[in-house]
Each structure stands twice: as structure tokens, then as C-alpha cells.
>>> print(open('upload_1.txt').read())   # compact mmCIF, C-alpha atoms
# COMPACT_ATOMS: atom_id res chain seq x y z
CA MET A 1 -43.69 17.33 43.32
CA THR A 2 -41.06 20.03 42.79
CA ASP A 3 -37.52 19.99 44.12
CA LEU A 4 -38.47 22.57 46.78
CA PRO A 5 -41.68 22.03 48.74
CA HIS A 6 -42.47 25.74 49.08
CA THR A 7 -42.23 28.06 46.12
CA ASP A 8 -42.35 31.80 45.72
CA SER A 9 -42.93 34.27 42.91
CA LYS A 10 -39.38 35.59 43.30
CA LYS A 11 -36.46 33.42 42.25
CA ILE A 12 -34.02 34.33 45.02
CA GLY A 13 -34.65 35.12 48.67
CA ALA A 14 -33.97 38.50 50.28
CA GLY A 15 -30.58 38.41 52.02
CA ASP A 16 -31.65 40.69 54.85
CA PHE A 17 -33.76 37.85 56.23
CA TYR A 18 -30.46 36.29 57.39
CA PHE A 19 -30.46 39.12 59.96
CA ALA A 20 -33.70 37.76 61.38
CA ILE A 21 -32.51 34.14 61.38
CA ASN A 22 -29.37 35.12 63.30
CA ALA A 23 -31.38 37.32 65.68
CA THR A 24 -33.87 34.51 66.28
CA PHE A 25 -31.10 32.10 67.32
CA ARG A 26 -29.62 34.74 69.63
CA PHE A 27 -33.00 35.50 71.23
CA ILE A 28 -33.83 31.84 71.89
CA GLU A 29 -30.39 31.12 73.33
CA LYS A 30 -30.56 34.19 75.58
CA GLN A 31 -34.15 33.69 76.78
CA LEU A 32 -34.47 29.91 76.86
CA GLY A 33 -30.91 28.55 76.84
CA THR A 34 -28.67 26.50 74.55
CA ASP A 35 -30.63 23.26 74.97
CA ALA A 36 -33.81 25.03 73.89
CA LEU A 37 -32.04 26.43 70.84
CA CYS A 38 -30.98 22.89 69.82
CA ARG A 39 -34.54 21.70 70.42
CA TYR A 40 -35.87 24.56 68.29
CA TRP A 41 -33.63 23.46 65.42
CA GLN A 42 -34.64 19.81 65.83
CA GLU A 43 -38.36 20.55 65.97
CA LEU A 44 -38.07 22.90 63.00
CA GLY A 45 -36.33 20.13 61.04
CA ALA A 46 -38.87 17.49 62.08
CA THR A 47 -42.05 19.52 61.53
CA TYR A 48 -41.67 22.59 59.31
CA TYR A 49 -39.30 20.69 57.04
CA SER A 50 -41.39 17.49 57.00
CA PRO A 51 -42.33 18.16 53.34
CA VAL A 52 -38.59 18.03 52.60
CA THR A 53 -38.41 14.72 54.43
CA ALA A 54 -41.22 13.43 52.23
CA ILE A 55 -39.34 14.45 49.07
CA TRP A 56 -36.18 12.72 50.28
CA LYS A 57 -38.03 9.60 51.43
CA HIS A 58 -39.81 9.31 48.09
CA GLY A 59 -36.87 10.16 45.85
CA GLY A 60 -33.84 8.97 47.80
CA LEU A 61 -30.38 10.45 47.37
CA PRO A 62 -31.02 11.82 43.84
CA ALA A 63 -33.87 13.85 45.31
CA VAL A 64 -31.59 15.04 48.12
CA GLY A 65 -29.15 16.28 45.49
CA ARG A 66 -31.89 18.03 43.49
CA TYR A 67 -33.26 19.63 46.64
CA TRP A 68 -29.94 21.14 47.67
CA ARG A 69 -29.18 22.39 44.15
CA ALA A 70 -32.55 24.13 44.02
CA PHE A 71 -32.13 25.36 47.59
CA PHE A 72 -28.77 27.05 47.02
CA ASP A 73 -29.86 28.42 43.64
CA ALA A 74 -32.46 30.39 45.60
CA GLU A 75 -30.10 31.66 48.32
CA PRO A 76 -28.38 34.97 47.47
CA GLY A 77 -24.60 34.77 47.17
CA ALA A 78 -24.24 31.03 47.71
CA GLU A 79 -21.38 29.15 46.11
CA VAL A 80 -22.02 25.47 46.68
CA GLN A 81 -21.07 22.38 44.72
CA VAL A 82 -23.57 19.52 45.08
CA GLU A 83 -22.36 16.06 44.14
CA VAL A 84 -24.42 12.87 44.05
CA ALA A 85 -22.08 9.90 43.96
CA GLY A 86 -22.58 6.31 45.04
CA ASP A 87 -24.11 6.12 48.47
CA ARG A 88 -23.92 9.79 49.36
CA VAL A 89 -24.68 13.39 48.50
CA SER A 90 -21.95 15.88 49.28
CA LEU A 91 -22.37 19.63 49.64
CA ASP A 92 -19.14 21.53 49.24
CA VAL A 93 -20.14 24.89 50.69
CA ARG A 94 -17.47 27.29 49.44
CA ILE A 95 -19.32 30.45 50.36
CA CYS A 96 -22.08 30.15 52.93
CA PRO A 97 -24.64 32.77 51.90
CA ALA A 98 -25.78 33.42 55.46
CA ILE A 99 -22.34 33.99 56.97
CA LYS A 100 -21.30 36.11 53.99
CA HIS A 101 -24.35 38.37 54.16
CA LEU A 102 -24.12 38.80 57.91
CA ARG A 103 -20.41 39.61 57.71
CA ASP A 104 -20.85 41.96 54.75
CA HIS A 105 -23.28 43.96 56.89
CA GLY A 106 -21.22 43.93 60.05
CA ARG A 107 -23.61 41.75 62.05
CA GLU A 108 -22.38 39.89 65.12
CA ILE A 109 -22.98 36.22 64.43
CA LEU A 110 -23.93 33.72 67.11
CA PRO A 111 -20.81 31.52 67.62
CA CYS A 112 -22.80 28.26 67.34
CA PHE A 113 -24.65 29.46 64.20
CA CYS A 114 -23.22 26.69 62.01
CA GLN A 115 -24.55 23.94 64.28
CA HIS A 116 -28.07 24.64 63.04
CA CYS A 117 -27.19 23.00 59.73
CA TYR A 118 -26.54 19.73 61.51
CA TYR A 119 -29.52 19.78 63.87
CA VAL A 120 -32.09 20.88 61.28
CA SER A 121 -30.89 18.57 58.51
CA GLU A 122 -30.50 15.57 60.80
CA ALA A 123 -34.05 15.98 62.09
CA ALA A 124 -35.36 16.24 58.53
CA ALA A 125 -33.20 13.38 57.22
CA ALA A 126 -33.79 10.76 59.94
CA PRO A 127 -37.41 9.90 59.06
CA ALA A 128 -36.27 9.48 55.43
CA GLY A 129 -33.71 6.88 56.51
CA LEU A 130 -30.83 9.28 56.01
CA THR A 131 -28.29 11.02 58.18
CA VAL A 132 -25.95 13.97 57.77
CA ARG A 133 -22.43 14.77 58.88
CA VAL A 134 -21.09 18.31 58.90
CA GLU A 135 -17.46 19.31 58.96
CA GLY A 136 -16.06 22.84 58.95
CA GLY A 137 -18.12 25.99 59.21
CA ASN A 138 -17.39 29.67 59.76
CA SER A 139 -18.26 30.39 56.08
CA ALA A 140 -17.21 27.14 54.37
CA CYS A 141 -18.05 23.53 55.20
CA ARG A 142 -18.73 20.09 53.85
CA GLN A 143 -22.07 18.38 54.47
CA THR A 144 -22.58 14.73 53.61
CA PHE A 145 -25.96 13.02 53.40
CA LEU A 146 -25.94 9.23 53.46
CA PRO A 147 -28.11 6.27 54.50
CA ARG A 148 -28.39 5.71 58.23
CA HIS A 149 -26.17 2.89 59.51
CA SER A 150 -25.87 1.83 63.11
CA SER A 151 -22.13 1.44 62.57
CA LEU A 152 -21.73 5.09 61.59
CA PRO A 153 -20.21 7.16 64.39
CA PRO A 154 -22.41 10.02 65.57
CA GLN A 155 -21.78 13.60 64.52
CA ASP A 156 -18.87 15.06 66.43
CA LEU A 157 -20.02 18.62 67.15
CA ALA A 158 -16.40 19.63 67.72
CA ARG A 159 -15.91 19.21 63.97
CA ILE A 160 -18.31 22.08 63.36
CA LYS A 161 -16.38 25.30 63.75
CA GLU A 162 -17.64 28.20 65.80
CA VAL A 163 -18.15 31.42 63.90
CA ALA A 164 -15.28 33.73 64.74
CA MET B 1 -29.50 25.00 56.45
CA ILE B 2 -32.32 27.40 57.14
CA GLY B 3 -32.62 29.62 54.10
CA VAL B 4 -34.16 32.95 53.18
CA TYR B 5 -36.08 31.83 50.07
CA ASP B 6 -38.87 30.40 52.26
CA PHE B 7 -38.10 32.65 55.22
CA CYS B 8 -41.72 33.63 55.85
CA GLY B 9 -42.64 29.97 56.25
CA HIS B 10 -40.23 29.20 59.07
CA TYR B 11 -40.70 32.70 60.52
CA ASP B 12 -44.41 31.92 60.94
CA TRP B 13 -43.56 28.48 62.36
CA THR B 14 -41.21 30.13 64.85
CA PHE B 15 -44.00 32.41 66.13
CA GLU B 16 -46.07 29.37 67.10
CA TRP B 17 -43.04 27.59 68.57
CA LEU B 18 -42.27 30.58 70.79
CA ARG B 19 -45.91 30.90 71.82
CA ARG B 20 -45.90 27.26 72.91
CA GLN B 21 -42.65 27.67 74.86
CA GLY B 22 -43.99 30.47 76.97
CA SER B 23 -46.87 32.63 75.96
CA GLU B 24 -47.97 35.36 73.62
CA THR B 25 -45.89 37.63 75.85
CA LEU B 26 -42.69 35.81 74.91
CA LEU B 27 -43.60 36.17 71.25
CA ARG B 28 -44.18 39.90 71.60
CA GLN B 29 -40.85 40.15 73.39
CA TYR B 30 -39.28 38.35 70.40
CA TRP B 31 -40.77 40.80 67.90
CA ASP B 32 -39.58 43.73 69.96
CA GLU B 33 -36.12 42.53 71.01
CA ALA B 34 -35.00 40.17 68.25
CA ILE B 35 -36.70 41.73 65.24
CA ARG B 36 -36.90 45.45 66.11
CA GLY B 37 -33.80 45.65 68.31
CA ASP B 38 -31.51 43.23 66.48
CA SER B 39 -32.55 42.10 63.00
CA GLN B 40 -34.09 45.38 61.83
CA ARG B 41 -31.93 47.79 63.79
CA HIS B 42 -30.85 49.41 60.52
CA ALA B 43 -34.48 50.46 59.99
CA ALA B 44 -34.69 51.91 63.49
CA GLU B 45 -31.48 53.89 62.99
CA LEU B 46 -32.58 55.22 59.61
CA ILE B 47 -36.03 56.32 60.78
CA GLN B 48 -34.75 57.70 64.08
CA GLU B 49 -32.29 59.89 62.17
CA GLN B 50 -34.31 60.84 59.11
CA GLY B 51 -37.99 60.53 60.06
CA PHE B 52 -40.34 60.36 57.06
CA ALA B 53 -37.41 60.40 54.60
CA GLY B 54 -35.93 57.39 56.41
CA MET B 55 -39.25 55.56 56.09
CA ALA B 56 -39.27 56.15 52.34
CA THR B 57 -35.72 54.85 52.05
CA TYR B 58 -36.25 51.83 54.29
CA TRP B 59 -39.58 50.62 52.90
CA GLY B 60 -38.57 51.46 49.36
CA HIS B 61 -35.56 49.16 49.65
CA THR B 62 -37.20 46.42 51.67
CA LEU B 63 -40.45 46.08 49.77
CA GLU B 64 -38.71 46.19 46.38
CA HIS B 65 -36.30 43.53 47.58
CA GLU B 66 -39.12 41.30 48.75
CA GLY B 67 -41.07 41.74 45.53
CA ALA B 68 -44.09 43.41 47.10
CA GLY B 69 -47.02 44.94 45.23
CA TYR B 70 -47.32 48.24 47.09
CA HIS B 71 -47.61 52.01 46.83
CA THR B 72 -46.25 54.67 49.16
CA THR B 73 -47.45 58.24 49.63
CA ALA B 74 -45.45 60.86 51.49
CA THR B 75 -46.68 64.25 52.67
CA GLU B 76 -45.12 66.70 55.13
CA ASP B 77 -47.13 65.18 57.96
CA ALA B 78 -47.70 61.55 57.03
CA PHE B 79 -46.22 58.52 55.36
CA ARG B 80 -48.69 56.03 53.93
CA ILE B 81 -48.19 52.50 52.61
CA ASP B 82 -50.86 50.69 50.61
CA MET B 83 -49.97 47.02 50.41
CA HIS B 84 -51.81 45.30 47.58
CA ASP B 85 -49.82 42.08 47.50
CA CYS B 86 -47.89 41.37 50.68
CA PRO B 87 -44.98 39.10 49.75
CA SER B 88 -44.83 37.67 53.23
CA LYS B 89 -48.47 36.76 53.86
CA GLY B 90 -48.80 35.93 50.17
CA PHE B 91 -46.09 33.31 50.48
CA LEU B 92 -47.97 31.64 53.32
CA ILE B 93 -51.30 31.71 51.48
CA ARG B 94 -49.86 30.34 48.24
CA ASN B 95 -48.08 27.53 50.07
CA GLY B 96 -50.90 26.66 52.46
CA LEU B 97 -48.88 27.60 55.56
CA GLY B 98 -50.16 29.15 58.77
CA ALA B 99 -48.74 27.76 62.00
CA TYR B 100 -49.44 30.89 64.07
CA HIS B 101 -53.02 32.10 64.47
CA ASP B 102 -52.42 35.67 63.23
CA TYR B 103 -49.23 36.07 61.23
CA CYS B 104 -50.04 39.68 60.31
CA ASP B 105 -49.56 40.76 63.94
CA HIS B 106 -45.80 40.49 63.58
CA CYS B 107 -45.53 43.73 61.57
CA MET B 108 -47.19 45.77 64.31
CA GLY B 109 -45.15 43.74 66.81
CA TRP B 110 -41.87 45.27 65.71
CA ILE B 111 -42.78 48.30 63.61
CA GLY B 112 -45.04 49.73 66.33
CA PRO B 113 -42.32 49.88 69.02
CA MET B 114 -39.72 51.01 66.48
CA LEU B 115 -41.84 53.97 65.43
CA LYS B 116 -42.70 54.81 69.02
CA GLN B 117 -39.00 55.09 69.79
CA ALA B 118 -38.64 57.45 66.83
CA GLY B 119 -41.66 59.57 67.90
CA PHE B 120 -44.34 58.26 65.53
CA SER B 121 -47.68 56.46 65.85
CA LEU B 122 -49.71 54.39 63.42
CA ASP B 123 -53.13 53.96 61.96
CA HIS B 124 -53.24 50.55 60.35
CA GLU B 125 -55.64 47.92 59.04
CA HIS B 126 -54.97 44.48 57.57
CA ASN B 127 -57.39 42.03 56.01
CA HIS B 128 -55.43 38.78 56.55
CA CYS B 129 -55.36 38.18 52.80
CA GLY B 130 -52.13 40.00 51.95
CA ARG B 131 -53.58 43.51 51.85
CA CYS B 132 -53.15 46.29 54.39
CA TRP B 133 -52.54 50.02 54.79
CA TRP B 134 -50.47 52.11 57.16
CA GLU B 135 -50.57 55.82 57.95
CA ILE B 136 -47.69 57.03 60.07
CA ARG B 137 -47.76 60.41 61.82
CA ARG B 138 -45.85 62.07 64.60
CA SER B 139 -47.08 60.80 67.96
CA SER B 140 -48.24 64.30 68.93
CA ASP B 141 -50.40 64.54 65.77
CA ARG B 142 -53.96 63.35 66.55
CA THR B 143 -55.18 63.63 62.95
CA LEU B 144 -57.61 60.84 62.11
CA PRO B 145 -56.73 58.45 59.29
CA SER B 146 -57.53 59.64 55.78
CA GLN B 147 -60.71 58.74 53.95
CA PRO B 148 -60.28 56.13 51.19
CA GLY B 149 -58.54 57.70 48.22
CA ALA B 150 -57.83 61.03 49.93
CA LEU B 151 -54.09 60.49 50.35
CA ALA B 152 -53.16 57.72 47.95
CA GLY B 153 -55.75 58.38 45.24
CA PRO B 154 -56.51 55.31 43.13
CA HIS B 155 -53.67 53.40 44.83
CA ASP B 156 -55.60 53.24 48.11
CA VAL B 157 -56.03 49.56 48.93
CA ARG B 158 -59.41 50.30 50.57
CA LEU B 159 -60.87 51.05 47.13
CA ARG B 160 -60.35 47.46 46.01
CA ALA B 161 -63.41 45.29 45.66
CA ASP B 162 -61.63 42.54 47.60
CA TRP B 163 -60.55 44.75 50.52
CA ARG B 164 -63.44 43.68 52.77
CA VAL B 165 -63.12 39.95 52.22
CA ALA B 166 -65.33 38.91 55.09
CA GLU B 167 -67.28 40.54 57.88
CA GLY B 168 -65.06 40.76 60.94
CA GLY B 169 -61.96 40.12 58.88
CA LEU B 170 -60.23 43.46 59.38
CA ASP B 171 -57.84 44.11 62.25
CA VAL B 172 -57.86 47.83 63.04
CA TYR B 173 -55.30 49.95 64.90
CA ARG B 174 -55.74 53.64 65.68
CA HIS B 175 -52.94 55.94 66.87
CA SER B 176 -51.18 52.87 68.16
CA ASN B 177 -47.74 51.33 68.67
CA ARG B 178 -48.70 47.91 70.08
CA ALA B 179 -49.67 44.62 68.44
CA ASP B 180 -52.40 44.07 71.01
CA ASP B 181 -54.15 47.41 70.49
CA LYS B 182 -56.36 46.09 67.72
CA THR B 183 -60.08 45.93 67.31
CA ARG B 184 -61.98 43.91 64.72
CA LYS B 185 -64.43 45.18 62.16
>>> encode(input="upload_1.txt", output="C-alpha cells")
Amino acid sequence: MTDLPHTDSKKIGAGDFYFAINATFRFIEKQLGTDALCRYWQELGATYYSPVTAIWKHGGLPAVGRYWRAFFDAEPGAEVQVEVAGDRVSLDVRICPAIKHLRDHGREILPCFCQHCYYVSEAAAAPAGLTVRVEGGNSACRQTFLPRHSSLPPQDLARIKEVA
Amino acid sequence: MIGVYDFCGHYDWTFEWLRRQGSETLLRQYWDEAIRGDSQRHAAELIQEQGFAGMATYWGHTLEHEGAGYHTTATEDAFRIDMHDCPSKGFLIRNGLGAYHDYCDHCMGWIGPMLKQAGFSLDHEHNHCGRCWWEIRRSSDRTLPSQPGALAGPHDVRLRADWRVAEGGLDVYRHSNRADDKTRK
């Protein structure tokens, strides 16, 4: 099993696809509403990304760290530090490749764009016995993956910045 | 985070998700509004302004960027693309993905309306195995599509032994701008 469940012949993705991701979020929010957009992210995380869940469930936090390193290596323009330490994996996102590419090309970004990272990752992480907390956004953030504990407070969505 | 490395995988998944939320109509609305009108609006602007030259610029950039195996042919009256190795459908095939029943429809779903707006129509066929061809002409031009090899020479995808992969496997569009205009052969 590789660090990424889906592989391509090219090493790095095409940045213009961020246009379509942003446009997809905007379309769903406009046509179906904000709740539907959150549900889209959750269902995407739970189903499309289920092979990622399997990798994390099988390999634990070291596999989470390998996944995110491989993931950001394949995203154009990303500057992300991935650290596996103790009971957690931390992603220090210094330059979010999506926000950067969209801004560089003058695209209007959906204000709640950064929330997708929480909803998608949480849906993928939960069946692997993990959870995620996201803080920051609007081009830089910190994402922490750790084992699920009932004592852990839930994600405070107010800690995820809107894209300005 | 949703990334672009495996974009075609979650793009395909999104088609099926949208279909289940509403209908095929909602999905076609998505291709037209979100992809043509929002995501790919730079393509629409380029082709609206520059016509065939804009097509060469747009598809030259996009297909190179996506790592496609393709060939383009431009004449005064037509722009032709022969796709020998579609990076998008190829990604799905290689990774065993296919949430939506006909992923290839998405190209006609946004390119068709975009070209209509710019005054062009399409002849197009795809074989669902990562190979297709497009001939784009002005909407007023009723010229029939070229015979295999006549425009693109040896680069014509229809000359490949694996073009007709299975009986009934080709989706065919003639002088069209809509994803639903297809017939099967």
C-alpha cells in the first residue's frame, strides 16, 4: 500500500483544478445551501476518501504523517511542515496551495473555503479512531490529527478563519 | 484538504453526488454554471475573443499541464483535437474509479455551452477508454466531420486499432453543443 491511495503518471497536480474545487463549493452552497455543502464535505470524506481512512487505520499516526507529506508534495506551491510527535501529527500549513493559486489568479474565494479541511478530514479520520482540529486559515493554518478522546472538546468552527 | 493531484477522482465522485441530490438536470446545471461559467471562465473569455487561435492557446496550455497524450490540428475553418491518452479518464481507469455512470459526458457538459456562446459547434466521439476526437467549426458551418486521417493524418485517433473497443461503445455527437445530444454506435 502506498502513502497515497490514488496515483497518477504526473508527479504534481494541475493548479487550475483549484478553480473547479472553489467553483464546486460555490455552486453547492448557492443551489443547495450551507448545510448541504457541509454534508457534501462529510460524505466526500467518508466515502471517496475511505481508502485514506484504511491507510490511517492500518498504519496509525505514522501513516497519517506519511500521507500528508506525500499529499502536499503533489500539490503545486504548497509549503507545509508535517511533524509526527508523540500522540499527534501536526501540519503547519505555511502556504496553502489552493488559496495561493486562487489568489494569484484573481479568483473570488468562498469565505468558508477553509472549513472543508475540517469536515473532510474529520469524516475520513473518525472511522480510523482519529480526529482533527483546525486552527487558522485564509492561507495559513495548523491542523492536528490525534486519537479520538471523549474528553477532547469539539472543533470550534470559529477558530477557522474565513477567507478574506 | 481536497487536493488537485487526484482531482479527477473526487470530480467524478461529485458528479454522482450531485445526481443523487437532485437529478441529471442538476448535474448538467453544475457543468454549465460552475465549470463553464466559473471555473473555466478564462477559457470562455479566450475563445470568445480569439476564436480558433484562443482554442489553440487554451487547449495547448491545459492539456500540456495535465500531461495528456494528444494532437491538435488547426485549419482556417476547423480546430481538431485527437486525444490518445486522456489524463482525466485515464486517472479513473488506472485507479479503478468510476462513481458516475458516464464521466466522459462532463467535457461536452461545459465545452458544448462554452463554444455555443462563442459561436461554434462540435462534432465529437469518445470511446470511454481515454480516447476521443473533437472537430470544432463555426455554428453556421454545416460541414460534416472529416474522414479518418483527412485532417490529422496519422495522428487521427480513429486510425488506432483500439479505437473501437467494443460494439456500442462510442458516444457520438454531430453539430452539437449539449451533453445529451449523443447517439451510440
>>> closest_atom_pairs(input="upload_1.txt", of="chain B", to="chain A", cutoff="7 Å", atoms="all atoms listed in the file", output="JSON lines")
{"residue": "B:Met1", "atom": "CA", "partner": "A:Cys117", "partner_atom": "CA", "distance": 4.5}
{"residue": "B:Gly3", "atom": "CA", "partner": "A:Glu75", "partner_atom": "CA", "distance": 6.6}
{"residue": "B:Val4", "atom": "CA", "partner": "A:Gly13", "partner_atom": "CA", "distance": 5.0}
{"residue": "B:Tyr5", "atom": "CA", "partner": "A:Gly13", "partner_atom": "CA", "distance": 3.9}
{"residue": "B:Asp6", "atom": "CA", "partner": "A:His6", "partner_atom": "CA", "distance": 6.7}
{"residue": "B:Phe7", "atom": "CA", "partner": "A:Phe17", "partner_atom": "CA", "distance": 6.8}
{"residue": "B:His10", "atom": "CA", "partner": "A:Tyr48", "partner_atom": "CA", "distance": 6.8}
{"residue": "B:Trp13", "atom": "CA", "partner": "A:Tyr48", "partner_atom": "CA", "distance": 6.9}
{"residue": "B:Tyr30", "atom": "CA", "partner": "A:Phe27", "partner_atom": "CA", "distance": 6.9}
{"residue": "B:Ala34", "atom": "CA", "partner": "A:Ala23", "partner_atom": "CA", "distance": 5.3}
{"residue": "B:Ile35", "atom": "CA", "partner": "A:Ala20", "partner_atom": "CA", "distance": 6.3}
{"residue": "B:Asp38", "atom": "CA", "partner": "A:Ala23", "partner_atom": "CA", "distance": 6.0}
{"residue": "B:Ser39", "atom": "CA", "partner": "A:Phe19", "partner_atom": "CA", "distance": 4.7}
{"residue": "B:His65", "atom": "CA", "partner": "A:Ala14", "partner_atom": "CA", "distance": 6.2}
{"residue": "B:Glu66", "atom": "CA", "partner": "A:Ala14", "partner_atom": "CA", "distance": 6.1}
{"residue": "B:Gly67", "atom": "CA", "partner": "A:Lys10", "partner_atom": "CA", "distance": 6.8}
{"residue": "B:Phe91", "atom": "CA", "partner": "A:Asp8", "partner_atom": "CA", "distance": 6.2}
{"residue": "B:Asn95", "atom": "CA", "partner": "A:His6", "partner_atom": "CA", "distance": 6.0}
>>> closest_residue(input="upload_1.txt", among="A:Ala126, A:Val89, A:Leu110, A:Leu152", to="Glu29 in chain A", atoms="only C-alpha atoms")
A:Leu110
>>> closest_residue(input="upload_1.txt", among="B:Lys185, B:His84, B:His61, B:His175", to="Leu115 in chain B", atoms="only C-alpha atoms")
B:His175
>>> residues_around(input="upload_1.txt", residues="Pro127 in chain A", least_positions_apart="5", cutoff="12 Å", atoms="only C-alpha atoms", output="MDAnalysis selection string")
chainID A and resid 45:47 49:58 60 121:122 147:148
>>> closest_residue(input="upload_1.txt", among="A:Ile95, A:Val132, A:Ile160, A:Ala78", to="Pro111 in chain A", atoms="all atoms listed in the file")
A:Ile160
